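What follows is a short report on a single structure.
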Protein chains: 4
Amino acid sequence: MTNNSGGRRKVCIVVNSRANYGRIKTVLAAVKEHPELQLQIVVGASALLYRFGNVQEIMAHDGFTADTTVYTIVEGETPTTMAKSTGLAIMELATIFENLKPDIVLTVADRFETMATAVAASYMNIALAHTQGGEVTGSIDESVRHAVTKLAHIHFPATEQAARNIIAMGEDPAAVHLTGCPSIDAIAQIDLSLPTDLFDRYKGVGPVLDSAKPYMVVLQHPVTTEYGQGYRQIRETVDAVHSLGMQTAWLWPNVDAGSDDISKGLREFRERHPDAPIHFYRNFSVEDYARLVNNAACLTGNSSSALREGAFLGTPAVNVGTRQGGRESASNVIHADYDAAAIRNAIERQLQHGRYPRSTLFGDGHADKRIADILARTELRIQKRLHY
Amino acid sequence: MTNNSGGRRKVCIVVNSRANYGRIKTVLAAVKEHPELQLQIVVGASALLYRFGNVQEIMAHDGFTADTTVYTIVEGETPTTMAKSTGLAIMELATIFENLKPDIVLTVADRFETMATAVAASYMNIALAHTQGGEVTGSIDESVRHAVTKLAHIHFPATEQAARNIIAMGEDPAAVHLTGCPSIDAIAQIDLSLPTDLFDRYKGVGPVLDSAKPYMVVLQHPVTTEYGQGYRQIRETVDAVHSLGMQTAWLWPNVDAGSDDISKGLREFRERHPDAPIHFYRNFSVEDYARLVNNAACLTGNSSSALREGAFLGTPAVNVGTRQGGRESASNVIHADYDAAAIRNAIERQLQHGRYPRSTLFGDGHADKRIADILARTELRIQKRLHY
Amino acid sequence: MTNNSGGRRKVCIVVNSRANYGRIKTVLAAVKEHPELQLQIVVGASALLYRFGNVQEIMAHDGFTADTTVYTIVEGETPTTMAKSTGLAIMELATIFENLKPDIVLTVADRFETMATAVAASYMNIALAHTQGGEVTGSIDESVRHAVTKLAHIHFPATEQAARNIIAMGEDPAAVHLTGCPSIDAIAQIDLSLPTDLFDRYKGVGPVLDSAKPYMVVLQHPVTTEYGQGYRQIRETVDAVHSLGMQTAWLWPNVDAGSDDISKGLREFRERHPDAPIHFYRNFSVEDYARLVNNAACLTGNSSSALREGAFLGTPAVNVGTRQGGRESASNVIHADYDAAAIRNAIERQLQHGRYPRSTLFGDGHADKRIADILARTELRIQKRLHY
Amino acid sequence: MTNNSGGRRKVCIVVNSRANYGRIKTVLAAVKEHPELQLQIVVGASALLYRFGNVQEIMAHDGFTADTTVYTIVEGETPTTMAKSTGLAIMELATIFENLKPDIVLTVADRFETMATAVAASYMNIALAHTQGGEVTGSIDESVRHAVTKLAHIHFPATEQAARNIIAMGEDPAAVHLTGCPSIDAIAQIDLSLPTDLFDRYKGVGPVLDSAKPYMVVLQHPVTTEYGQGYRQIRETVDAVHSLGMQTAWLWPNVDAGSDDISKGLREFRERHPDAPIHFYRNFSVEDYARLVNNAACLTGNSSSALREGAFLGTPAVNVGTRQGGRESASNVIHADYDAAAIRNAIERQLQHGRYPRSTLFGDGHADKRIADILARTELRIQKRLHY
C-alpha cells in the first residue's frame with residue numbers, strides 16, 4: 001500500500017456519517033484539488049450502514065472514492081455500545097493509518113467517531129486537524145469536542161467565540177484558524193430552490209408530500225447524557241407536530257445511544273396514525289437537505305443544522321431540549337423544553353414570523369479553500385504544550 | 001455479577017501499571033475503608049504482564065483483590081500499538097463497567113490506559129474522577145492529560161498551579177479539589193530507611209549491589225512524540241552513568257511506544273559490559289521503590305517520580321530530555337539534554353550537593369482521605385459545560 | 001468475581017439469540033438444578049438487541065439471570081461484519097471466561113457466536129461441549145458446525161445420523177453422547193394449544209390476526225453463502241404467501257449477513273400492501289413460538305425449526321431453498337426452490353394434507369437431564385487427538 | 001486500494017511468524033510468478049515483533065513486500081491472550097480482506113493466526129486454501145488444524161496419510177490435493193552446507209559458536225494444552241543439553257501461551273551459567289535455519305521442523321514431550337519424555353548414530369508450483385457439504 005504522493009502532504013479525512021459528510025464535503029473537494037495536497041478518504045461507522053442512508057453512494061456521485069472502508073459500530077445504541085464503538089474504531093483506524101501513512105488527519109466536530117479518529121492519530125504522532133472546536137452544547141458531545149481540541153494540533157473553529165474558547169483552553173493561538181464552518185460552504189455554493197420532484201426522489205415511509213405546499217422538517221436525535229428519556233422526549237415533539245396538521249418531512253435519528261427510544265416513539269406514532277401527513281426519510285444528499293431546510297416553514301428538533309445551516313439560510317427553527325444547550329445561535333432559533341405545548345407554541349410563533357435574514361455567524365461559505373491552504377502550509381508540530 | 005453495595009457509592013479504580021498502582025494505592029485503601037463507599041478494582045494492561053513486574057502479586061500482598069482482570073496491551077510498543085491498546089482497553093472496559101455498574105470511575109494521570117478509562121466511563125454516563133490533571137509535561141502524555149481533564153467530572157490536582165490550569169481550561173471551579181497527589185501519601189506514611197536486604201529480595205540481572213555503599217538509580221522511559229530516537233537517547237544516559245563507575249540500580253522502561261529501543265540499548269550495554277556495576281530490575285513494591293529513591297545518591301532519567309516523589313524525599317535528581325518538559329519541580333531537580341557529557345556533569349553536581357530539604361509541592365501525604373471523602377459526598381453530575 | 005462453587009463443576013452457557021435460547025433453555029434449567037453443577041450464564045450478541053426481541057426479559061421471566069452481558073455484534077449484516085462480530089465475541093468471551101473460570105463451556109449449534117464461544121474456550125483449555133453437531137445443512141453454518149465439532153471435547157448430537165457423522169469425522173466415540181436435541185424438550189413439556197390471546201400479547205406491525213381462524217407462519221433467514229441474493233429470494237416467498245390470502249404470522253429474520261436484504265423485501269411489501277393479512281413479529285417466547293407452530297396450517301421458510309421442532313409437532317412445513325440443504329427431516333417437510341409458483345404449490349399441498357404424526361427424529365423431550373448428567377460426570381480431557 | 005488484477009485471481013497469503021514464513025515462502029514466489037495469479041501479502045502477528053526476529057526484513061530481502069501490515073498479538077502469552085489475539089486478528093483481517101478483495105486466501109498449518117485467517121475468510125465467502133491439514137499432533141494445534149480443515153475449500157496436505165485423514169473427515173476428495181509441504185521446497189532448492197560465518201552474522205546472547213566444530217540445535221515451544229508446566233519442562237531439556245557440554249545454538253520459543261515460562265527457564269539458566277557453550281538466537285532466515293539444522297549433530301526440542309524438514313535433511317532429532325504427539329515421522333526421530341535423563345540418553349544415541357538417509361515423507365521439494373497451478377485453475381465453490 002505504497003503512496004506515491006510526489007512530495008505532497010497526505011491529508012486523511014475520515015467520513016463517518018451523513019451529517020459528518022455534509023460538514024466536510026467541500027474540504028474534501030478543496031484538498032483533492034490542491035496542488036500541494038493528496039487526499040485520502042476513509043469511510044466508516046454509520047456512513048456504511050443502510051439504515052442511515054447510503055452515504056458511500058452519495059459520495060461516489062460527488063466523485064469521492066474511499067481508500068479504505070471500515071465497519072466500526074457495535075450494535076446496541078446504548079452508552080455501552082457508544083464506548084465500544086469508539087474503542088473498535090480506534091483499533092481499526094490505527095491499522096488503517098499505519099498503512100495509509102497520512103501526514104495530517106482531519107476530524108470533524110464532536111461525535112464518538114471524531115474521538116476515535118483523534119485518539120488514533122494523536123497516539124500515532126500524526127498531526128491532527130479539527131473543525132467545529134470551541135463550540136458549546138449539551139450531550140456528551142460537549143465533553144468530547146473539548147477533549148478532541150486538547151488532542152488536536154490544528155484548529156479550524158467556525159465562530160469568533162469558538163476561536164476565543166479554544167485559545168482560552170490553553171491552545172497555541174498560532175494554531176487556531178478562524179475559517180468558518182465548511183458546512184456553510186456546501187449551501188452557499190448551490191441553487192437553494194426546492195426541486196419539485198424532491199419528495200419523489202427520496203423513498204421513505206408515509207404519505208407523499210406536496211412540494212407546492214408549505215411543509216415542516218423535523219430531526220430530533222437522542223441526548224446521550226439523558227439516556228433513557230428519549231422515548232418520553234420524542235413523544236412531546238411528535239404530539240406538537242401532529243397537532244399542527246401541516247405536512248412534515250421527518251428524518252430518522254442518528255446512531256447515538258438512545259436512538260432506539262426515538263425510533264420506537266416514531267414507529268409507534270406511525271402505527272397509531274398511518275394517515276398523518278408525515279413522511280419519514282432516512283437520508284438526503286447534502287445539497288437536497290439544504291434545499292429542504294431552506295424552503296421549510298419551520299425546522300424543529302435538536303439538530304445542530306437548525307443553528308448552523310439554519311442561521312445562514314434564515315430558516316425559522318425551534319430547538320428542543322438540551323442537546324444544543326449553550327450553542328451560539330442567530331435570531332432564527334427559538335428554544336423550547338421537552339413539552340408538547342411549548343414546542344407547539346414555538347412552532348406557531350415561527351410559522352407566523354416566517355423567514356429570517358441571512359447570518360454568517362457560522363461561516364461565509366469559503367471555509368474550504370482556507371482550510372486546504374492552511375493544511376498545505378502550516379508547520380506540522382506533534383509535541384503540544386499547555387499555552388498559558 | 002450483582003453488586004450489593006447497600007446504598008454505598010461504588011467507586012471503580014482501574015490499575016494499569018506499576019507506576020499507576022503506586023500513585024493510587026493509598027486511595028484504594030481509603031475508599032475501601034470509607035463507610036459510604038464500595039471499592040471495585042479492575043487490573044489490566046501492563047499490570048498483568050510478567051515483564052513489567054507482577055503488580056497483582058504486590059496488590060494481593062497489600063490486601064487488594066481484582067474484581068476483574070483484563071489483558072489490553074497489543075504487543076509492538078510502537079505508536080500504532082499504543083493507539084490499538086487504547087482502543088482495545090475502551091472496548092473491554094465498557095463491558096466491565098456495564099457489568100460492575102460503578103457510580104464513579106477514578107483514573108490516574110495521563111497514560112493511554114488513563115485515556116481508555118476516561119473515554120469508556122464518560123460515554124457510559126459514569127462520573128469520572130481524575131488525579132494529576134492540570135500538570136504540564138512533554139510526550140503524548142501532555143495531550144492526553146488535558147483531554148482527560150475535558151472528559152472528567154471531578155478533578156483532584158496535585159499542585160496549586162495544576163488546579164489553576166484546570167480551571168483556566170474551562171472546568172467548573174466547584175469540581176476542582178486541590179488534594180495533593182496520592183503518590184506522596186504512600187511515601188509519607190512509611191519508614192524510608194533502606195532495608196539491608198533490599199537488593200537481595202528483588203531479582204534482576206547483573207552484579208549484586210551492596211546496600212552499605214552509595215548507589216544511583218536510573219529510570220528512563222521512551223518519549224512517544226520522539227519515537228525512533230530512543231536508542232540514541234538511552235545510549236547517552238548509559239554512557240554517562242557507566243563513566244561514573246558508581247553502583248547503580250536501573251529499572252527497565254514502561255510499555256510506551258519506543259520501549260523496545262530503550263531495552264535494546266540496555267541489553268547491548270549489558271552484552272558489552274557484563275561486569276559493569278549496574279543491576280537491572282523489573283519492579284519494586286511502591287514502598288521499596290520509595291526507599292530506594294530516598295537513599296539514592298542521585299536519581300537519573302525521565303521518570304516523573306524524580307520530580308514528584310523526589311521533591312518530597314529531597315533526592316538529588318537529574319531529569320533527562322523533554323519527557324517532563326514544563327513540569328513543575330522543586331529545587332532537587334537539575335535538567336540535562338540528551339547528551340552524555342551534560343548528563344554526567346549534572347549527576348556530578350548532584351553527587352556533590354547531596355540531599356535537599358523536603359518539599360510538599362506535590363502533596364503533604366494526606367490526599368487519600370480527602371479524595372475518598374469528596375468521592376463520597378460530591379454531587380454527581382454527568383452533563384459538562386465549558387465554564388467561562 | 002469470586003465463584004464459590006463448593007466443588008461443583010461450573011458450566012458456562014452462552015446465550016446469543018432468541019433461537020439459541022430456545023434450543024438450550026431446558027439445559028439451563030437442568031444444569032441449574034443439578035446438585036453437582038453450578039450454572040453460569042453469559043448473554044450476548046443479538047440476545048441483547050431490541051430489534052431481535054428482548055431475550056433477556058424472557059429469560060428473566062423464566063428465572064434465569066445473566067452473570068455477564070456483552071455486546072458483540074458489529075453492525076452491518078454483511079459477510080465482513082459477521083467475521084468481525086465473531087472476532088469481537090472471541091475477545092470479549094476470553095475476558096469473561098478468564099474471570100468466570102468455568103470448568104465447561106456449552107455452545108449451541110452453528111452460528112458465528114457458537115464459533116466465537118468455541119474458539120475462546122478451546123484456546124483457554126476449557127472443556128467445550130456442543131449440541132447439534134454432526135448435522136448437515138447449507139449456508140456457512142455447515143462449515144462452522146463441523147469446525148466447532150473439531151474443537152469440542154463433548155458432543156451432544158440430536159440424531160443417530162449426526163452421531164455417526166461426528167464419529168466419522170474422527171471424534172472419540174466415547175465423547176459422543178446421543179441425547180436428542182434440547183429444543184424438543186421445551187415443546188414436549190408444555191400445553192401446546194394456542195392461547196386465544198396470543199396474537200394480542202405480542203406487538204408487531206400489520207393487521208391483527210384472529211386466533212380462531214387458520215393461519216400460516218413464515219420465517220425466512222438470509223443464506224450467508226448466497227449473500228446478495230436475499231432480496232430476490234424473499235420476494236418469491238412473499239409473492240407465494242400473499243397470493244394465498246391466508247392470515248399469516250411472519251417473523252423478522254436473524255442477524256446474519258444479508259438480513260438487510262430480507263428486511264428490505266418485507267418492508268417494501270408492507271408499503272405496497274399495508275392491508276395484506278400479514279402481521280410481522282419480532283419475537284415470541286420459546287413456548288409461544290412452539291404453540292404458534294403447533295397450530296399453524298403451514299410453516300414456510302428456511303428456519304431449522306420447520307425440520308426440528310416441526311417433526312415433533314407434525315406441522316406441515318415448506319422448506320425454501322438451500323439453507324437446510326441436506327438436513328435430515330421427517331415426513332412433515334416439502335422442499336421448494338426460490339420460486340413463487342413452486343412455493344405456492346408446496347404450501348397448497350401442505351394445506352390439503354394437514355398435520356403429520358409426531359416424529360422423535362430430533363429428540364424425545366428428555367435431552368436436558370441426560371446432558372446435565374453427562375456434564376457432571378464425564379471425565380474432562382483437554383488434549384484432543386484425531387481418532388482413526 | 002484498488003486492485004487492478006487484469007482478470008487474474010487474487011491470492012492473499014497471510015504471514016504471521018518466522019515459522020509460518022518458512023513454510024509458505026516458495027508458494028509466495030510461485031504465486032507471484034504465476035501468469036494467472038496476483039499475489040497479495042498481509043504480514044501480521046509475531047512476524048512484526050522485534051523479539052521474534054524481523055521477519056519483514058527477511059521478506060524484503062527475498063523480494064516480498066506487504067500489502068498490509070497489522071498488529072494482532074494481545075500481550076500476555078497466556079491461554080486467555082491466545083484467544084484474544086485470535087479474536088483481534090479476525091476483526092482486523094476482515095477489514096483487510098474487505099479492502100483487498102482476494103479471490104482466495106491461503107492459510108498455513110495450525111496456529112491461532114491460522115484459525116483467525118480461516119474464520120475471517122470463510123465468513124466472508126472467500127475461498128480458503130490450507131496447507132498441512134490432516135496431520136496429527138498434540139497441543140491445541142491438533143484441534144485447530146482439523147477445525148481449519150472443516151472451514152477450508154481447498155486442501156494441500158503434505159503426506160498421503162494426511163490426505164486420507166482429510167477425506168475421512170468428510171471433505172470432498174476432489175478438493176484434496178497431495179502436493180507435499182512447501183517447507184521442503186525451500187530446503188530442496190538451496191546449497192545446504194554451513195556458511196562459515198553463519199554464527200557471526202546472527203546476533204544473540206551467549207558465547208560465540210565455532211562453525212568448524214560439531215554443534216547441536218535446540219528449539220522447544222510451550223505446549224498450550226499443558227499450560228503452566230512449561231517451566232518444569234524446559235528445565236529438563238536445559239539440564240540434559242547442558243550436561244552434554246557440546247556447543248549449542250538455542251532458539252527462543254514462539255509466542256504461544258506459556259512462552260514466558262520457557263523464556264524464564266532459559267534466562268535463569270543463562271544467569272546461573274553465563275559461560276555455558278550455548279548461544280541463544282531469535283531468528284534465522286529460512287535458508288540459514290535449514291543449513292543450521294542440516295549440519296547439526298542433533299536437533300532437540302518439540303519443533304515440527306525436526307520431523308518435517310528433519311526427515312528430508314536426515315538430521316538426527318530428539319522430539320521431547322507431547323507437542324508432536326502422533327505426528328508421522330521418518331526414521332530420524334527418537335522420542336523422549338519431559339525427563340532430563342531420557343532426553344540426554346536419546347541425544348547420546350543420536351550423536352552415536354549420525355545422519356539418516358533423506359526421506360520425502362513430507363514432500364519432494366516441488367509443492368510450490370503444484371499449489372500455484374491448482375490455485376489458478378481449481379473451481380472456486382464456497383458452499384461446503386459434509387461428504388459421506
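In the C-alpha cells, the first chain shown is A, the next is B, and so on; residue numbers restart at 1 for each chain, and ligands run from 1 in the order shown.
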
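Interface residues of chain A facing chain B, defined by any atom at most 6 Å away and using only C-alpha atoms, are Pro79, Thr80, Ala83, Lys84, Gly87, Leu88, Ile90, Met91, Ala94, Ala120, Tyr123, Met124, Ser143, His146, Ala147, Lys150, Leu151 and Met169 of chain A.
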
(request) Identify all residues of region 50-290 of chain D in strand (DSSP E) (DSSP on the backbone) and supply them as number ranges by chain. (result) D: 68-70, 104-108, 127-131, 154-156, 204-205, 216-219, 248-251, 278-281

(message) Using DSSP secondary structure from the backbone, list all alpha helix (DSSP H) positions within region 122-172 of chain C, as a PyMOL selection string.
(response) chain C and resi 122-123+139-151+160-168

Surrounding residues of Gly314 (chain A) excluding itself and chain neighbours under 4 positions, 8 Å, only C-alpha atoms, as a short mmCIF file (atom, residue, chain, number, x, y, z; two decimals) with all heavy atoms, in the first residue's frame:
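Generated file (result00.cif):
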data_model
loop_
_atom_site.label_atom_id
_atom_site.label_comp_id
_atom_site.auth_asym_id
_atom_site.auth_seq_id
_atom_site.Cartn_x
_atom_site.Cartn_y
_atom_site.Cartn_z
N ASN A 294 -34.01 25.02 3.58
CA ASN A 294 -34.12 26.40 3.10
C ASN A 294 -35.57 26.78 2.82
O ASN A 294 -35.98 27.92 3.00
CB ASN A 294 -33.30 26.58 1.83
CG ASN A 294 -33.25 28.03 1.39
OD1 ASN A 294 -32.87 28.90 2.17
ND2 ASN A 294 -33.64 28.29 0.14
N GLY A 310 -29.10 26.65 9.49
CA GLY A 310 -30.31 27.44 9.66
C GLY A 310 -30.02 28.93 9.74
O GLY A 310 -30.78 29.75 9.20
N ASN A 332 -32.70 33.20 14.21
CA ASN A 332 -33.70 32.30 13.64
C ASN A 332 -34.18 31.20 14.57
O ASN A 332 -35.05 30.43 14.22
CB ASN A 332 -33.15 31.64 12.36
CG ASN A 332 -32.06 30.63 12.67
OD1 ASN A 332 -31.10 30.96 13.35
ND2 ASN A 332 -32.21 29.39 12.20
N ARG A 355 -39.46 33.68 7.36
CA ARG A 355 -38.01 33.58 7.23
C ARG A 355 -37.25 34.75 7.87
O ARG A 355 -37.77 35.85 8.00
CB ARG A 355 -37.65 33.49 5.75
CG ARG A 355 -38.28 32.28 5.07
CD ARG A 355 -37.94 32.22 3.61
NE ARG A 355 -36.51 32.22 3.40
CZ ARG A 355 -35.72 31.16 3.65
NH1 ARG A 355 -36.25 30.03 4.07
NH2 ARG A 355 -34.43 31.23 3.45
N TYR A 356 -35.98 34.47 8.22
CA TYR A 356 -35.10 35.44 8.85
C TYR A 356 -34.01 35.86 7.86
O TYR A 356 -33.73 35.14 6.89
CB TYR A 356 -34.45 34.82 10.09
CG TYR A 356 -35.40 34.61 11.23
CD1 TYR A 356 -36.25 33.50 11.26
CD2 TYR A 356 -35.47 35.51 12.30
CE1 TYR A 356 -37.13 33.29 12.31
CE2 TYR A 356 -36.35 35.31 13.36
CZ TYR A 356 -37.17 34.20 13.36
OH TYR A 356 -38.03 34.01 14.40
N PRO A 357 -33.38 37.01 8.12
CA PRO A 357 -32.27 37.40 7.24
C PRO A 357 -31.07 36.46 7.41
O PRO A 357 -30.91 35.83 8.45
CB PRO A 357 -31.92 38.81 7.73
CG PRO A 357 -32.41 38.86 9.14
CD PRO A 357 -33.62 37.97 9.19
N ARG A 358 -30.27 36.40 6.39
CA ARG A 358 -29.07 35.55 6.41
C ARG A 358 -28.09 35.99 7.50
O ARG A 358 -27.85 37.19 7.67
CB ARG A 358 -28.38 35.62 5.04
CG ARG A 358 -26.98 35.04 5.02
CD ARG A 358 -26.52 34.74 3.61
NE ARG A 358 -27.41 33.78 2.98
CZ ARG A 358 -27.20 33.23 1.77
NH1 ARG A 358 -26.13 33.56 1.08
NH2 ARG A 358 -28.06 32.36 1.28
N SER A 359 -27.52 35.04 8.22
CA SER A 359 -26.47 35.32 9.20
C SER A 359 -25.23 34.52 8.82
O SER A 359 -25.32 33.34 8.48
CB SER A 359 -26.93 34.92 10.60
OG SER A 359 -25.81 34.73 11.45
#

(message) Could you list, as a PyMOL selection string, every residue within 9 Å of region 49-66 of chain A, counting only C-alpha atoms and ignoring same-chain residues fewer than 4 positions away?
(response) (chain A and resi 16-18+21+25+28-29+40-45+71+252-255+282-286) or (chain C and resi 75-76+260) or (chain D and resi 1)

(request) Mind checking which residues fall within 8 Å of region 333-337 of chain B, counting only C-alpha atoms, ignoring those fewer than 3 positions away in the same chain, and posting them as a VMD selection string? (result) chain B and resid 306 to 307 316 to 322 329 to 330 342 to 343 346 350

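One distance worth recording is that between CA of Val70 (chain D) and CA of Ser46 (chain B), which is 21.0 Å.
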
(request) Tell me, in Å to one decimal, how far CA of Ala290 (chain C) is from CA of Ala19 (chain C). (result) 11.6 Å

(request) Might you pull out every residue within 10 Å of His273 (chain C), with only C-alpha atoms counted and same-chain residues fewer than 6 positions away left off, and present them as a PyMOL selection string? (result) chain C and resi 206+242+267

Residue subset to file, keeping N, CA and C atoms, as a PDB file, in the first residue's frame:
ATOM      1  N   GLY C 206     -48.851  -4.542  11.353  1.00  0.00           N
ATOM      2  CA  GLY C 206     -49.764  -5.160  10.401  1.00  0.00           C
ATOM      3  C   GLY C 206     -51.098  -5.483  11.047  1.00  0.00           C
ATOM      4  N   HIS C 242     -48.499 -14.197  -0.155  1.00  0.00           N
ATOM      5  CA  HIS C 242     -49.523 -13.189  -0.381  1.00  0.00           C
ATOM      6  C   HIS C 242     -50.639 -13.712  -1.295  1.00  0.00           C
ATOM      7  N   ARG C 267     -40.226  -4.949   4.127  1.00  0.00           N
ATOM      8  CA  ARG C 267     -40.716  -3.580   4.307  1.00  0.00           C
ATOM      9  C   ARG C 267     -41.379  -3.055   3.037  1.00  0.00           C
TER      10      ARG C 267
END

(request) List the neighbours of region 181-193 of chain D out to 6 Å using only C-alpha atoms; skip same-chain residues closer than 5 positions along the sequence, and give me the result as a list in words. (result) Arg23, Ile24, Ala158, Arg291, Phe362, Gly363, Gly365, His366, Ala367 and Asp368 of chain D

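Straight-line separation from CA of Thr237 (chain A) to CA of Gly258 (chain A): 15.8 Å.
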